[in-house]
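So this one's target02.txt, compact mmCIF, C-alpha atoms:
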# COMPACT_ATOMS: atom_id res chain seq x y z
CA MET W 1 -27.24 -11.52 8.56
CA ALA W 2 -28.31 -12.52 12.04
CA ALA W 3 -26.08 -13.91 14.77
CA ASP W 4 -27.79 -17.30 14.45
CA THR W 5 -26.21 -17.70 11.00
CA PHE W 6 -22.78 -17.55 12.62
CA ARG W 7 -21.28 -21.03 12.79
CA LEU W 8 -19.81 -22.33 16.02
CA ASP W 9 -16.31 -22.62 14.53
CA ASP W 10 -16.51 -18.98 13.34
CA TYR W 11 -16.27 -17.86 16.95
CA LYS W 12 -12.92 -19.61 17.18
CA ARG W 13 -11.73 -18.53 13.71
CA TYR W 14 -12.45 -14.83 14.21
CA GLY W 15 -12.22 -14.68 17.99
CA ARG W 16 -8.91 -12.75 18.11
CA GLN W 17 -10.43 -9.83 16.20
CA MET W 18 -13.94 -10.10 17.61
CA ILE W 19 -12.71 -9.34 21.13
CA LEU W 20 -11.38 -5.98 19.96
CA ASP W 21 -13.35 -2.92 21.02
CA GLY W 22 -15.27 -1.62 18.04
CA ILE W 23 -15.57 -4.97 16.30
CA GLY W 24 -17.26 -7.62 18.43
CA LEU W 25 -19.94 -9.85 16.97
CA PRO W 26 -21.75 -6.93 15.24
CA GLY W 27 -18.55 -5.94 13.42
CA GLN W 28 -17.83 -9.51 12.35
CA LEU W 29 -21.34 -9.84 10.97
CA LYS W 30 -20.79 -6.60 9.03
CA LEU W 31 -17.68 -8.14 7.50
CA GLN W 32 -19.64 -11.25 6.52
CA GLN W 33 -22.27 -9.08 4.86
CA ALA W 34 -19.71 -6.87 3.10
CA ALA W 35 -18.58 -7.02 -0.51
CA VAL W 36 -15.13 -5.68 -1.41
CA VAL W 37 -13.59 -5.61 -4.88
CA VAL W 38 -9.84 -5.56 -5.51
CA VAL W 39 -8.71 -4.30 -8.91
CA GLY W 40 -5.32 -5.81 -9.60
CA ALA W 41 -4.14 -9.15 -8.16
CA GLY W 42 -0.47 -8.21 -8.18
CA GLY W 43 1.99 -6.96 -5.56
CA LEU W 44 -0.58 -4.80 -3.77
CA GLY W 45 -3.64 -6.90 -4.48
CA CYS W 46 -2.25 -10.18 -3.15
CA PRO W 47 -1.66 -9.08 0.48
CA ALA W 48 -4.89 -7.06 0.45
CA LEU W 49 -6.88 -10.07 -0.76
CA GLN W 50 -5.20 -12.38 1.70
CA TYR W 51 -6.14 -10.29 4.74
CA LEU W 52 -9.65 -9.51 3.51
CA ALA W 53 -10.36 -13.23 3.15
CA ALA W 54 -8.74 -14.07 6.48
CA ALA W 55 -10.79 -11.38 8.21
CA GLY W 56 -14.01 -12.92 6.93
CA VAL W 57 -15.24 -10.46 4.30
CA GLY W 58 -18.25 -12.26 2.87
CA ARG W 59 -17.79 -11.46 -0.82
CA ILE W 60 -14.55 -10.56 -2.56
CA GLY W 61 -14.21 -9.56 -6.19
CA ILE W 62 -10.90 -9.87 -8.06
CA ILE W 63 -10.48 -8.00 -11.35
CA ASP W 64 -7.26 -8.67 -13.28
CA HIS W 65 -6.70 -9.68 -16.91
CA ASP W 66 -2.99 -10.58 -16.61
CA VAL W 67 -1.49 -14.04 -16.17
CA VAL W 68 1.00 -15.24 -13.56
CA GLU W 69 4.65 -14.93 -14.60
CA LEU W 70 7.82 -16.07 -12.87
CA SER W 71 8.90 -12.49 -12.18
CA ASN W 72 5.65 -11.94 -10.20
CA LEU W 73 6.45 -14.47 -7.49
CA GLN W 74 8.98 -12.21 -5.74
CA ARG W 75 6.16 -10.02 -4.40
CA GLN W 76 2.77 -11.41 -5.50
CA THR W 77 2.47 -13.85 -2.66
CA LEU W 78 -0.82 -15.57 -3.49
CA HIS W 79 0.53 -16.97 -6.75
CA THR W 80 2.70 -20.10 -6.96
CA GLU W 81 5.06 -21.84 -9.34
CA SER W 82 2.38 -24.41 -10.09
CA ARG W 83 0.04 -21.67 -11.37
CA LEU W 84 2.43 -19.97 -13.81
CA GLY W 85 0.52 -18.99 -16.95
CA GLN W 86 -2.85 -19.04 -15.16
CA PRO W 87 -4.96 -15.85 -15.06
CA LYS W 88 -4.07 -13.93 -11.91
CA ALA W 89 -7.72 -13.53 -10.91
CA GLU W 90 -8.21 -17.30 -10.97
CA SER W 91 -4.91 -18.01 -9.22
CA ALA W 92 -5.70 -15.55 -6.44
CA ALA W 93 -9.22 -16.95 -6.09
CA CYS W 94 -7.79 -20.45 -5.69
CA ALA W 95 -5.52 -19.21 -2.91
CA LEU W 96 -8.35 -17.39 -1.12
CA THR W 97 -10.59 -20.45 -1.04
CA GLN W 98 -7.75 -22.33 0.66
CA ILE W 99 -7.46 -19.55 3.26
CA ASN W 100 -11.19 -19.26 3.92
CA SER W 101 -13.61 -21.59 2.17
CA ARG W 102 -16.66 -19.65 3.40
CA VAL W 103 -15.78 -16.51 1.44
CA ARG W 104 -17.52 -16.01 -1.89
CA VAL W 105 -14.89 -15.09 -4.47
CA ASP W 106 -15.71 -13.55 -7.85
CA ALA W 107 -12.73 -14.11 -10.17
CA LEU W 108 -13.05 -11.69 -13.08
CA ALA W 109 -10.26 -12.18 -15.60
CA ASN W 110 -11.27 -9.05 -17.47
CA ALA W 111 -9.56 -5.75 -18.15
CA LEU W 112 -11.38 -2.90 -16.44
CA THR W 113 -12.58 -0.49 -19.13
CA PRO W 114 -14.85 2.56 -19.29
CA ALA W 115 -17.48 0.31 -20.89
CA ASN W 116 -17.62 -2.27 -18.08
CA ALA W 117 -16.40 -0.38 -15.00
CA ARG W 118 -19.80 0.59 -13.63
CA ALA W 119 -21.29 -2.90 -14.02
CA LEU W 120 -18.26 -4.68 -12.54
CA LEU W 121 -17.84 -2.37 -9.53
CA GLU W 122 -21.47 -1.66 -8.60
CA PRO W 123 -22.13 -4.85 -6.57
CA TYR W 124 -19.39 -4.00 -4.05
CA ASP W 125 -19.30 -1.71 -1.02
CA VAL W 126 -15.60 -0.77 -1.12
CA ILE W 127 -13.19 -0.57 -4.06
CA LEU W 128 -9.46 -1.22 -3.73
CA ASP W 129 -7.19 0.23 -6.40
CA CYS W 130 -4.17 -2.09 -6.56
CA THR W 131 -3.19 -1.15 -10.11
CA ASP W 132 -0.07 0.50 -11.47
CA ASN W 133 -1.14 2.84 -14.25
CA ALA W 134 -2.62 6.33 -14.33
CA ALA W 135 -5.45 5.65 -16.77
CA THR W 136 -6.99 2.99 -14.53
CA ARG W 137 -6.56 5.19 -11.45
CA TYR W 138 -8.58 7.99 -13.05
CA LEU W 139 -11.20 5.52 -14.26
CA LEU W 140 -11.55 3.98 -10.80
CA SER W 141 -11.78 7.40 -9.16
CA ASP W 142 -14.52 8.56 -11.51
CA ALA W 143 -16.39 5.29 -11.12
CA ALA W 144 -16.19 5.48 -7.33
CA VAL W 145 -17.65 9.00 -7.36
CA LEU W 146 -20.39 7.97 -9.76
CA LEU W 147 -21.30 4.94 -7.62
CA GLY W 148 -20.85 6.72 -4.30
CA LYS W 149 -18.29 4.24 -2.95
CA PRO W 150 -14.99 4.75 -1.10
CA LEU W 151 -11.83 4.01 -3.08
CA VAL W 152 -8.75 2.73 -1.22
CA SER W 153 -5.76 3.44 -3.45
CA GLY W 154 -2.22 2.15 -3.00
CA ALA W 155 1.03 2.60 -4.89
CA ALA W 156 4.54 1.21 -4.45
CA GLN W 157 7.85 1.54 -6.24
CA ARG W 158 11.47 0.86 -5.28
CA PHE W 159 11.55 1.20 -1.45
CA ASP W 160 8.59 3.57 -1.21
CA GLY W 161 4.82 3.46 -1.13
CA GLN W 162 1.75 5.52 -0.42
CA LEU W 163 -1.85 5.01 0.61
CA CYS W 164 -4.92 7.19 0.27
CA THR W 165 -8.66 6.60 0.61
CA TYR W 166 -10.70 8.77 -1.75
CA ASN W 167 -14.36 9.76 -1.82
CA LEU W 168 -14.74 9.49 1.93
CA GLY W 169 -18.06 10.86 3.12
CA PRO W 170 -19.67 13.99 1.66
CA GLU W 171 -16.46 16.07 1.58
CA GLY W 172 -13.67 13.59 0.93
CA PRO W 173 -11.61 14.42 -2.19
CA CYS W 174 -11.30 12.16 -5.20
CA TYR W 175 -8.13 11.32 -7.11
CA ARG W 176 -8.77 14.16 -9.55
CA CYS W 177 -8.87 16.66 -6.66
CA LEU W 178 -5.23 15.88 -5.96
CA PHE W 179 -4.14 15.25 -9.56
CA PRO W 180 -6.33 17.21 -12.01
CA ARG W 181 -3.92 16.18 -14.76
CA PRO W 182 -1.58 13.16 -14.95
CA ALA W 183 1.62 13.85 -13.05
CA ALA W 184 3.84 12.47 -15.82
CA SER W 185 3.70 11.23 -19.38
CA PRO W 186 3.48 7.44 -19.89
CA ALA W 187 7.11 7.42 -21.04
CA ALA W 188 8.25 9.16 -17.84
CA ALA W 189 6.07 7.10 -15.49
CA ALA W 190 8.26 4.03 -15.16
CA SER W 191 6.91 0.71 -13.93
CA CYS W 192 8.40 -1.69 -11.39
CA GLU W 193 10.11 -3.52 -14.24
CA GLU W 194 12.21 -0.45 -14.98
CA THR W 195 12.72 0.93 -11.47
CA GLY W 196 12.57 -2.19 -9.32
CA ILE W 197 10.49 -2.96 -6.24
CA LEU W 198 11.15 -4.61 -2.90
CA GLY W 199 8.38 -7.15 -2.46
CA VAL W 200 7.92 -6.40 1.24
CA VAL W 201 7.02 -2.79 0.38
CA THR W 202 4.02 -3.94 -1.66
CA GLY W 203 3.13 -6.21 1.25
CA VAL W 204 3.10 -3.26 3.65
CA ILE W 205 0.94 -1.06 1.42
CA GLY W 206 -1.41 -3.85 0.33
CA SER W 207 -1.95 -4.91 3.95
CA LEU W 208 -2.76 -1.30 4.87
CA GLN W 209 -5.30 -1.21 2.04
CA ALA W 210 -7.03 -4.23 3.55
CA LEU W 211 -6.96 -2.51 6.93
CA GLU W 212 -8.60 0.61 5.49
CA ALA W 213 -11.34 -1.50 3.92
CA ILE W 214 -11.99 -3.36 7.17
CA LYS W 215 -12.19 -0.08 9.12
CA LEU W 216 -14.70 1.26 6.61
CA VAL W 217 -16.87 -1.84 6.79
CA VAL W 218 -17.04 -2.16 10.58
CA GLY W 219 -17.35 1.59 11.17
CA LEU W 220 -13.94 2.32 12.73
CA HIS W 221 -12.76 4.78 10.07
CA ASP W 222 -12.69 8.45 11.11
CA GLU W 223 -13.31 9.51 7.47
CA GLN W 224 -10.59 12.17 7.71
CA PRO W 225 -8.86 12.22 4.30
CA SER W 226 -5.08 11.88 4.46
CA LEU W 227 -2.17 10.63 2.39
CA LEU W 228 0.07 8.10 4.10
CA VAL W 229 3.62 8.05 2.74
CA TYR W 230 5.91 5.09 3.45
CA GLY W 231 9.66 4.91 2.97
CA ALA W 232 11.34 1.63 3.89
CA LEU W 233 14.70 3.39 4.29
CA SER W 234 13.35 6.49 6.02
CA ALA W 235 13.29 7.21 9.75
CA PRO W 236 10.52 7.20 10.74
CA PRO W 237 9.19 5.12 7.84
CA PHE W 238 5.65 6.57 7.94
CA ARG W 239 4.38 10.11 7.66
CA SER W 240 0.83 11.32 7.15
CA VAL W 241 -0.26 14.35 5.14
CA LYS W 242 -3.68 15.84 5.87
CA LEU W 243 -5.66 16.42 2.68
CA ARG W 244 -7.99 19.28 1.88
CA LYS W 245 -11.67 18.76 1.27
CA ARG W 246 -12.92 18.05 -2.22
CA ARG W 247 -12.54 20.92 -4.65
CA VAL W 248 -15.75 22.58 -5.75
CA SER W 249 -14.29 22.94 -9.23
CA CYS W 250 -13.10 19.33 -9.47
CA PRO W 251 -14.36 17.78 -12.72
CA GLY W 252 -14.74 14.44 -10.95
CA CYS W 253 -16.49 15.17 -7.66
CA GLY W 254 -17.15 18.92 -7.53
CA THR W 255 -20.49 20.66 -7.96
CA GLU W 256 -20.01 20.33 -11.69
CA GLY W 257 -18.65 16.83 -11.31
CA GLN W 258 -19.01 13.51 -13.06
CA LYS W 259 -22.33 12.95 -14.79
CA ALA W 260 -23.84 9.57 -15.54
CA GLY W 261 -22.56 8.23 -18.83
CA GLU W 262 -19.35 10.28 -18.90
CA ILE W 263 -17.22 7.32 -17.83
CA GLU W 264 -18.26 5.32 -20.87
CA GLU W 265 -17.53 8.30 -23.10
CA THR W 266 -14.07 9.11 -21.69
CA ASP W 267 -10.84 7.92 -23.29
CA TYR W 268 -8.70 7.58 -20.17
CA VAL W 269 -5.63 6.33 -22.02
CA ARG W 270 -5.66 9.37 -24.27
CA PHE W 271 -6.27 11.65 -21.29
CA CYS W 272 -3.10 10.25 -19.70
CA GLY W 273 -1.02 10.88 -22.82
CA GLY W 274 -1.42 7.55 -24.57
CA ALA W 275 -0.50 3.99 -23.77
CA ARG W 276 2.64 3.15 -21.81
CA PRO W 277 5.48 2.52 -24.27
CA ASP W 278 6.51 -1.05 -24.96
CA TRP W 279 10.18 -0.55 -24.15
CA GLU W 280 11.19 -4.05 -25.24
CA ALA W 281 9.60 -3.57 -28.67
CA LEU W 282 11.17 -0.12 -29.05
CA GLY W 283 14.57 -1.53 -28.16
CA LEU W 284 14.23 -4.13 -30.93
CA ASN W 285 13.67 -1.53 -33.65
CA PRO W 286 16.60 -2.06 -36.08
CA GLY W 287 16.67 1.61 -37.08
CA ASP W 288 18.47 2.62 -40.26
CA GLY W 289 21.14 -0.07 -39.97
CA GLU W 290 23.90 2.51 -39.63
CA SER W 291 23.80 3.07 -35.88
CA ARG W 292 22.66 -0.30 -34.54
CA ILE W 293 24.11 -3.81 -34.49
CA THR W 294 22.55 -7.20 -33.77
CA ALA W 295 23.68 -9.52 -31.00
CA ARG W 296 25.12 -12.05 -33.47
CA GLU W 297 27.02 -9.34 -35.30
CA LEU W 298 28.47 -8.05 -32.04
CA ARG W 299 29.56 -11.54 -31.05
CA ALA W 300 31.42 -11.95 -34.34
CA ILE W 301 33.18 -8.61 -33.82
CA ILE W 302 34.16 -9.47 -30.22
CA HIS W 303 35.63 -12.80 -31.34
CA SER W 304 37.55 -11.19 -34.18
CA ASN W 305 41.20 -10.50 -33.38
CA SER W 306 41.62 -8.05 -36.25
CA LYS W 307 39.73 -5.15 -34.65
CA GLN W 308 40.17 -3.02 -31.57
CA VAL W 309 36.74 -2.57 -30.04
CA ARG W 310 35.31 -0.90 -26.97
CA ILE W 311 32.02 -1.97 -25.37
CA LEU W 312 30.31 0.59 -23.13
CA ASP W 313 27.59 -0.63 -20.75
CA VAL W 314 25.37 2.32 -19.80
CA ARG W 315 23.15 0.62 -17.21
CA PRO W 316 23.16 1.74 -13.56
CA LYS W 317 25.99 0.41 -11.40
CA THR W 318 23.74 -2.05 -9.55
CA GLU W 319 22.53 -3.65 -12.78
CA PHE W 320 26.08 -3.84 -14.15
CA GLY W 321 26.99 -5.71 -10.96
CA ILE W 322 24.24 -8.27 -11.57
CA CYS W 323 25.65 -9.34 -14.94
CA HIS W 324 27.68 -7.89 -17.81
CA LEU W 325 29.67 -8.88 -20.85
CA PRO W 326 33.23 -9.77 -19.78
CA SER W 327 34.87 -7.18 -22.03
CA SER W 328 32.49 -4.33 -21.31
CA ILE W 329 33.28 -1.05 -19.55
CA HIS W 330 30.73 0.45 -17.18
CA VAL W 331 29.82 4.05 -17.99
CA PRO W 332 26.42 5.22 -16.63
CA LEU W 333 24.19 6.88 -19.18
CA HIS W 334 24.07 10.18 -17.30
CA ASN W 335 27.88 10.45 -17.56
CA ILE W 336 27.73 10.14 -21.34
CA VAL W 337 24.84 12.59 -21.70
CA ALA W 338 26.64 15.13 -19.48
CA ASN W 339 30.02 14.84 -21.23
CA PRO W 340 29.58 13.03 -24.56
CA ARG W 341 32.83 14.37 -26.04
CA ASP W 342 34.81 12.36 -23.48
CA TYR W 343 33.64 9.17 -25.19
CA VAL W 344 34.50 10.07 -28.78
CA SER W 345 37.27 7.71 -29.88
CA PRO W 346 38.09 7.60 -33.63
CA GLU W 347 40.74 4.91 -32.98
CA LEU W 348 38.32 2.38 -31.51
CA GLU W 349 35.10 0.86 -32.77
CA THR W 350 32.61 1.59 -29.99
CA TYR W 351 29.54 -0.49 -29.21
CA VAL W 352 27.04 0.54 -26.54
CA VAL W 353 24.83 -1.90 -24.62
CA CYS W 354 22.04 -1.60 -22.06
CA ARG W 355 19.25 -3.79 -20.76
CA LEU W 356 16.66 -3.52 -23.56
CA GLY W 357 18.29 -1.36 -26.22
CA ASN W 358 16.78 2.05 -25.44
CA ASP W 359 19.28 3.87 -23.23
CA SER W 360 22.05 2.71 -25.55
CA GLN W 361 20.41 4.59 -28.43
CA ILE W 362 20.40 7.77 -26.35
CA ALA W 363 24.09 7.28 -25.58
CA VAL W 364 25.03 6.76 -29.23
CA ASP W 365 23.09 9.83 -30.33
CA ALA W 366 24.82 11.92 -27.65
CA ILE W 367 28.31 10.78 -28.64
CA ARG W 368 27.62 11.28 -32.35
CA SER W 369 26.30 14.79 -31.75
CA ALA W 370 29.45 15.68 -29.81
CA SER W 371 31.61 15.06 -32.88
CA PRO W 372 29.46 15.27 -36.01
CA ASP W 373 32.40 15.85 -38.37
CA THR W 374 34.48 12.89 -37.25
CA THR W 375 34.16 9.58 -39.03
CA PHE W 376 34.23 6.72 -36.54
CA ILE W 377 32.22 3.61 -35.83
CA ILE W 378 29.81 3.77 -32.92
CA LYS W 379 26.73 1.57 -32.71
CA ASP W 380 24.40 0.18 -30.07
CA LEU W 381 23.03 -3.30 -29.51
CA VAL W 382 19.53 -3.95 -30.86
CA GLY W 383 17.39 -5.34 -28.05
CA GLY W 384 20.13 -4.87 -25.48
CA LEU W 385 21.48 -7.62 -23.25
CA ARG W 386 18.11 -9.35 -23.27
CA ALA W 387 18.62 -9.95 -27.01
CA TRP W 388 22.17 -11.14 -26.27
CA SER W 389 20.75 -13.78 -23.94
CA ARG W 390 18.09 -14.79 -26.44
CA GLU W 391 20.23 -14.90 -29.60
CA VAL W 392 23.80 -15.57 -28.47
CA ASP W 393 24.18 -16.86 -24.91
CA PRO W 394 21.14 -18.55 -23.28
CA GLY W 395 23.15 -18.75 -20.06
CA PHE W 396 23.39 -14.98 -19.78
CA PRO W 397 21.03 -13.83 -16.95
CA VAL W 398 17.74 -12.08 -17.75
CA TYR W 399 16.24 -9.99 -14.95
Go through the file and emit its structure as structure tokens.
Amino acid sequence: MAADTFRLDDYKRYGRQMILDGIGLPGQLKLQQAAVVVVGAGGLGCPALQYLAAAGVGRIGIIDHDVVELSNLQRQTLHTESRLGQPKAESAACALTQINSRVRVDALANALTPANARALLEPYDVILDCTDNAATRYLLSDAAVLLGKPLVSGAAQRFDGQLCTYNLGPEGPCYRCLFPRPAASPAAAASCEETGILGVVTGVIGSLQALEAIKLVVGLHDEQPSLLVYGALSAPPFRSVKLRKRRVSCPGCGTEGQKAGEIEETDYVRFCGGARPDWEALGLNPGDGESRITARELRAIIHSNSKQVRILDVRPKTEFGICHLPSSIHVPLHNIVANPRDYVSPELETYVVCRLGNDSQIAVDAIRSASPDTTFIIKDLVGGLRAWSREVDPGFPVY
């Protein structure tokens, strides 16, 4: 694109970054000619998309098959209350056109799969991984190697985040170089829903992903592979870890690396140990009927004056402080697992509650195993406190 295609008002729009050494008019024209794809329009993707559009990247792809939910708005800043229920890719695209109407936005409300990854990613110069699951990370890494494109990967959870750009230059490592096998099983790799996330943390990491992409496009990146680790509560909050060069034996990018067609033939979900468990569905499993109780049944027992009952809430202290049943006693799950015999009480009927009905099952099993020969009533709440809100008390908070 020649300078004569630059509109007069573009000089004013982009002037603050054009006067920077290393950008200038040539760098701004490179941004206008560039195509960047963001996979995931969530907590990381929203700030990344926002700054890519504001910087004047000519073509931006958005790949996300989810829809906007109320719980997203705490950190996914491109989405609004008015667009609840709308596909995230379309919602984010709407926001970007309001930020910069000259940017071409491709809203792709599709799930990225081994079958479509190469076709969806090939038109773009830089790929941003703003997802939150291992299977997609491995797929994106393999696709980036196959297509010869840099992959800017971000992650955030609780108060912490990290950033790494893979497949940089001829010797930059890929994701498989660092993690030849998944670091944890799907059951152990908790999501933000289970662990929590401060929205500003995703904003920090997502903004840094946009910065990495811009540096790559305009030619300001030193192409030295490193892992940037961020801790919002740490001092200093940032530290950088220098990464080794790509491994010769890496199955993704080594000398015996990814071959054309292997992406389509790879089951990434199976490679990562299967799909992430649906904890809400598992918590609703009624079991054998002997060790679990429904929300309505528990309400009837609580309101009965003929029984002495004890309700143990095994959630973390912070969650107990958010909301709890008035008659419940807070006992963290790890206390019960460590000393289950302390909670055996033949004189009292004991009912255990948690958020979704999974940790409570662990607690009941632990207490039962501590006194297998004693006959006493101990059950846990099917579906946890979320079921209590749904079936008994609509005014009980759901978080």
Kindly give the distance, in Å, that separates CA of Gly56 in chain W and CA of Ser141 in chain W, rounded to a single decimal.
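Atom-to-atom, CA of Gly56 in chain W to CA of Ser141 in chain W, that is 26.0 Å.
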Point out the residue among W:Ser185, W:Gln308, W:Thr318, W:Asn335 with the least atom-to-atom distance to Pro277 in chain W, counting all atoms listed in the file.
W:Ser185
Which one of W:Val39, W:Val152, W:Ile197, W:Leu282 sits closest to Ser71 in chain W if you count all atoms listed in the file?
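Checking each candidate against Ser71 in chain W, we get W:Ile197 as the closest.
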Need the shell around range 344-354 of chain W: protein/DNA/RNA residues with any atom at most 6 Å away, counting all atoms listed in the file. Skip same-chain ones fewer than 4 positions apart. Format as a PyMOL selection string?
chain W and resi 308-315+360+376-381+384
Go through W:Thr255, W:Cys130, W:Lys215, W:Gly273 one by one, measure the shortest atom-to-atom distance of each to Gly27 in chain W using all atoms listed in the file, and give the residue with the smallest value.
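Result for the nearest residue to Gly27 in chain W: W:Lys215.
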Please provide as an mmCIF file with C-alpha atoms, in the coordinates of the input all residues within 8 Å of Thr77 in chain W, with the sequence filter that same-chain residues fewer than 3 positions apart are discarded (counting only C-alpha atoms).
data_model
loop_
_atom_site.group_PDB
_atom_site.id
_atom_site.type_symbol
_atom_site.label_atom_id
_atom_site.label_comp_id
_atom_site.auth_asym_id
_atom_site.auth_seq_id
_atom_site.Cartn_x
_atom_site.Cartn_y
_atom_site.Cartn_z
ATOM 1 C CA GLY W 43 1.990 -6.960 -5.560
ATOM 2 C CA CYS W 46 -2.250 -10.180 -3.150
ATOM 3 C CA PRO W 47 -1.660 -9.080 0.480
ATOM 4 C CA LEU W 73 6.450 -14.470 -7.490
ATOM 5 C CA GLN W 74 8.980 -12.210 -5.740
ATOM 6 C CA THR W 80 2.700 -20.100 -6.960
#
Within 7 Å of Arg158 in chain W, counting only C-alpha atoms, which residues qualify if same-chain residues fewer than 4 places away don't, as a list in words?
Thr195, Gly196, Ile197 and Leu198 of chain W
Interatomic distance between CA of Leu8 in chain W and CA of Leu31 in chain W?
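It comes out at 16.7 Å.
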How many Å separate CA of Ala143 in chain W from CA of Leu96 in chain W?
26.1 Å
So, with all atoms listed in the file as the atoms that count, which of W:Ser101, W:Asn167, W:Gln86, W:Gln33 lies closest to Ala53 in chain W?
W:Ser101
Please provide as a list in words all residues within 12 Å of Ser191 in chain W, with the sequence filter that same-chain residues fewer than 3 positions apart are discarded (counting all atoms listed in the file).
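The residues that qualify are Thr131, Asp132, Asn133, Ala134, Ala155, Ala156, Gln157, Arg158, Pro186, Ala187, Ala188, Glu194, Thr195, Gly196, Ile197, Arg276, Pro277, Asp278 and Trp279 of chain W.
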